[in-house]
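Peer 1: Can you read through this structure? Questions will come right after.
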Amino acid sequence: MTRLIALDIAASRLLADEVRRIWDEGNAVLPLDQRMSRAVRHKLARELGADVIVTGDELIAVESPKEPTITLVSGDALVIATSGSTGRPKGVVHTHRGLRAHSVMVTERLGLTAHDHWWLCLPPAHIAGFGVLSRAMYLSSALSFADHVDEDSIARARTAGATHASLVPTLLARHSFENWKMLLVGAAPAAALPSNAVATYGLTETCGGVVYDGLPMDDVGVRITDGRIHLRTPSIARTYRHAPLTLVDGWFDTGDLGRFVDGRLVIDGRSDDLIITGGNKVWPNLVEQRLREHPLVRDVVVRGVPDAEWGSAVCAWVVPTSQSAPPALDAVRAHVKETLAEYYAPRKLVLISQIPRSALGKPIVSELSG
């Protein structure tokens with residue numbers, strides 16, 4: 001029987017060694033997010049049906065979950081929590097075959113070798129971080145670790161020889177990575193990235209990015225049905241921990257909206273995020289991209305809020321560049337209307353000091369108010 005071993009260990013050589021040991025024993029791993037409190041981490045381990053928690057110093061028995069879980073089988077390698085902005089995380093079950101397929105596709109697309117040196121600076125409890133670990137293990141390439149990103153940790157990584165990293169857009173915006181060989185950046189338009197960066201698109205269910213710079217990797221299929229993106233990939237998860245993974249003839253409905261432009265996939269956003277205001281469709285990410293070009297805007301999230309007249313109104317939560325000189329709603333609307341249709345312009349502006357974000361930089365919408 002395949003057991004699930006939760007790893008309550010920070011990104012480190014110890015973590016990598018434990019993953020390899022557990023896999024060699026025929027079991028699966030559940031990496032726990034060190035940014036959560038210990039109590040929350042261990043509660044998640046129980047909910048996802050871990051048999052035991054390994055901390056590096058001790059083994060902790062785990063009570064049976066309240067909800068029944070789908071049994072793990074031989075070949076299962078990883079249970080990893082989704083990183084959505086709302087709702088409780090779902091456990092996604094990946095197999096050794098799927099992890100290997102993803103590593104092969106990325107290696108072939110990017111021309112990776114054993115001489116590359118990866119820097120694991122994203123939480124390995126999320127697929128973008130764990131993907132760095134699994135690729136390095138697949139290629140037997142060098143691997144360095146960091147539990148946070150700042151100028152000192154970046155300098156230490158480069159001194160150690162790191163050449164490759166996976167990042168989120170917020171890290172790329174705050175720090176310089178111009179002397180790195182290659183950066184993988186999720187949830188960012190390719191046109192906004194430096195020449196050494198690749199825009200990746202994928203989900204926890206697909207083992208991470210399977211479309212690079214708008215082009216699917218070999219053996220990956222992309223189709224648009226009623227505006228929704230569907231993917232078919234050999235790296236697809238086997239199941240969720242509490243429910244089957246729904247595929248239709250091998251295709252997975254991502255829940256994202258998108259289109260092809262000059263043969264490349266363009267992501268419009270989550271279907272749940274689409275704003276219908278006065279009968280018009282507004283893609284929040286387009287408004288966010290435009291507002292980030294305003295000199296008085298440091299960070300922004302755009303969503304729809306209920307409105308008696310319009311059904312939904314476009315609302316922008318803005319972190320000002322200077323708290324003493326924040327942008328006004330009229331200025332924000334005028335800036336958006338310079339490049340987008342009038343109905344894209346926010347009808348409501350909420351000034352905040354910081355946007356709550358997950359470890360992978362996704363806005364936590366449930367914590368926004370206004």
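Each chain of the structure tokens is named A, B, ... in the order shown, its residues numbered from 1; ligands are numbered from 1 in display order.
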Taking the chain letters and numbering used in this document, name the residues of range 81-244 of chain A that DSSP puts in alpha helix (DSSP H), as a PyMOL selection string.

Peer 2: chain A and resi 96-110+127-139+151-160+169-174

Peer 1: Please dump the current selection as a PDB file, in the first residue's frame; keep C-alpha atoms.

Peer 2:
ATOM      1  CA  HIS A  96       5.951   9.498 -11.106  1.00  0.00           C
ATOM      2  CA  ARG A  97       5.079   9.087 -14.784  1.00  0.00           C
ATOM      3  CA  GLY A  98       3.416  12.510 -14.908  1.00  0.00           C
ATOM      4  CA  LEU A  99       6.267  14.261 -13.078  1.00  0.00           C
ATOM      5  CA  ARG A 100       8.788  12.659 -15.390  1.00  0.00           C
ATOM      6  CA  ALA A 101       6.753  13.579 -18.483  1.00  0.00           C
ATOM      7  CA  HIS A 102       6.692  17.202 -17.376  1.00  0.00           C
ATOM      8  CA  SER A 103      10.435  17.254 -16.675  1.00  0.00           C
ATOM      9  CA  VAL A 104      11.119  15.750 -20.120  1.00  0.00           C
ATOM     10  CA  MET A 105       8.928  18.312 -21.895  1.00  0.00           C
ATOM     11  CA  VAL A 106      10.497  21.264 -20.077  1.00  0.00           C
ATOM     12  CA  THR A 107      14.001  19.903 -20.643  1.00  0.00           C
ATOM     13  CA  GLU A 108      13.423  19.502 -24.360  1.00  0.00           C
ATOM     14  CA  ARG A 109      11.750  22.904 -24.792  1.00  0.00           C
ATOM     15  CA  LEU A 110      14.409  24.847 -22.889  1.00  0.00           C
ATOM     16  CA  ILE A 127       3.678  23.054  -7.867  1.00  0.00           C
ATOM     17  CA  ALA A 128       5.917  25.828  -9.236  1.00  0.00           C
ATOM     18  CA  GLY A 129       8.368  25.279  -6.398  1.00  0.00           C
ATOM     19  CA  PHE A 130       8.172  21.497  -6.352  1.00  0.00           C
ATOM     20  CA  GLY A 131       8.673  21.483 -10.110  1.00  0.00           C
ATOM     21  CA  VAL A 132      12.107  23.024  -9.623  1.00  0.00           C
ATOM     22  CA  LEU A 133      12.986  20.231  -7.206  1.00  0.00           C
ATOM     23  CA  SER A 134      11.671  17.420  -9.407  1.00  0.00           C
ATOM     24  CA  ARG A 135      13.410  18.757 -12.550  1.00  0.00           C
ATOM     25  CA  ALA A 136      16.721  19.088 -10.724  1.00  0.00           C
ATOM     26  CA  MET A 137      16.345  15.521  -9.463  1.00  0.00           C
ATOM     27  CA  TYR A 138      15.462  14.278 -12.954  1.00  0.00           C
ATOM     28  CA  LEU A 139      18.531  15.950 -14.506  1.00  0.00           C
ATOM     29  CA  GLU A 151      18.942  41.182  -2.556  1.00  0.00           C
ATOM     30  CA  ASP A 152      21.179  39.213  -0.188  1.00  0.00           C
ATOM     31  CA  SER A 153      19.617  35.824  -0.961  1.00  0.00           C
ATOM     32  CA  ILE A 154      19.794  36.539  -4.704  1.00  0.00           C
ATOM     33  CA  ALA A 155      23.485  37.444  -4.387  1.00  0.00           C
ATOM     34  CA  ARG A 156      24.184  34.278  -2.377  1.00  0.00           C
ATOM     35  CA  ALA A 157      22.453  32.158  -4.991  1.00  0.00           C
ATOM     36  CA  ARG A 158      24.535  33.640  -7.788  1.00  0.00           C
ATOM     37  CA  THR A 159      27.717  33.219  -5.772  1.00  0.00           C
ATOM     38  CA  ALA A 160      26.804  29.547  -5.294  1.00  0.00           C
ATOM     39  CA  PRO A 169       5.854  38.388 -11.393  1.00  0.00           C
ATOM     40  CA  THR A 170       6.011  40.296  -8.104  1.00  0.00           C
ATOM     41  CA  LEU A 171       9.563  39.046  -7.450  1.00  0.00           C
ATOM     42  CA  LEU A 172      10.661  39.988 -10.943  1.00  0.00           C
ATOM     43  CA  ALA A 173       9.199  43.456 -10.474  1.00  0.00           C
ATOM     44  CA  ARG A 174      10.988  44.027  -7.159  1.00  0.00           C
TER      45      ARG A 174
END

Peer 1: Determine, counting only C-alpha atoms, which protein, DNA and RNA residues have an atom within 9 Å of an atom of Thr206 in chain A; residues of the same chain fewer than 4 positions away are not included. Present the result as a list in words.

Peer 2: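 So the residues in contact are His94, Gly98, His102, Gly202, Val210, Leu231, Arg232, Thr233, Pro234, Ser235, Ile236, Ala237 and Phe252 of chain A.
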
Peer 1: Show which residues sit within 9 Å of Thr163 in chain A, as a PyMOL selection string. Count only C-alpha atoms, and ignore same-chain residues fewer than 2 positions away.

Peer 2: chain A and resi 116-119+157-158+161+165+179-183

Peer 1: Provide the CA of Pro295 in chain A to CA of Ala188 in chain A distance in Å, to one decimal place.

Peer 2: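 So the two atoms, CA of Pro295 in chain A and CA of Ala188 in chain A, lie 19.9 Å apart.
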
Peer 1: So which residues touch range 271-286 of chain A within 8 Å, counting only C-alpha atoms, skipping near sequence neighbours fewer than 6 positions away, as a list in words?

Peer 2: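 Final neighbour list, sorted by chain and number: Arg228, Gly255, Asp256, Leu257, Val301, Val302, Arg303, Gly304, Glu309, Trp310, Gly311, Ser312, Ala313, Val314, Tyr343 and Tyr344 of chain A.
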
Peer 1: What does the distance between CA of Ala331 in chain A and CA of Val319 in chain A come to in Å, to one decimal place?

Peer 2: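 Atom-to-atom, CA of Ala331 in chain A to CA of Val319 in chain A, that is 14.7 Å.
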
Peer 1: When you count only C-alpha atoms, which of these residues is closest to Leu78 in chain A: A:Ile5, A:Leu296, A:Val52, A:Leu340?

Peer 2: A:Ile5

Peer 1: Find the residues around range 29-33 of chain A up to 7 Å (only C-alpha atoms counted), leave out those fewer than 3 positions away in its own chain, and share them as a list in words.

Peer 2: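 Final neighbour list, sorted by chain and number: Leu4, Ile5, Ala6, Leu7, Asp8, Val19, Met36, Arg41, Ala77, Leu78, Val79, Ile80, Pro123, Pro124 and Ala125 of chain A.
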
Peer 1: Return the single residue from A:Ala142, A:Ala187, A:Asp330, A:Lys348 that is closest to Ala316 in chain A, with distances computed using only C-alpha atoms.

Peer 2: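 Between A:Ala142, A:Ala187, A:Asp330, A:Lys348, the residue approaching Ala316 in chain A most closely is A:Lys348.
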
Peer 1: May I have all residues of range 180-273 of chain A that DSSP, computed from the backbone, assigns to strand (DSSP E or B), given as a VMD selection string?

Peer 2: chain A and resid 182 to 186 197 to 203 208 to 212 215 to 216 221 to 225 228 to 232 239 to 240 248 251 to 261 264 to 270

Peer 1: One decimal, in Å: what's the spacing between CA of Gln34 in chain A and CA of Arg46 in chain A?

Peer 2: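 Separation of CA of Gln34 in chain A and CA of Arg46 in chain A: 15.9 Å.
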
Peer 1: Out of A:Phe145, A:Tyr201, A:Tyr240, A:Trp317, which residue has the shortest atom-to-atom distance to His164 in chain A when counting only C-alpha atoms?

Peer 2: A:Phe145

Peer 1: Calculated over only C-alpha atoms, which of the candidates A:Gly227, A:Arg35, A:Ile9, A:Val185 has the smallest distance to Leu59 in chain A?

Peer 2: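 Closest to Leu59 in chain A of all the choices is A:Ile9.
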
Peer 1: Can you work out which one of A:Asn27, A:Pro89, A:Glu58, A:His294 has the shortest atom-to-atom distance to Lys43 in chain A, counting only C-alpha atoms?

Peer 2: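 With only C-alpha atoms as the atom set, the closest residue is A:Pro89.
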
Peer 1: Give me the residues within 12 Å of Thr239 in chain A as a PyMOL selection string, counting only C-alpha atoms and dropping any in the same chain fewer than 5 places off.

Peer 2: chain A and resi 69-73+76+78-80+90-95+98+204-206+244-247+252
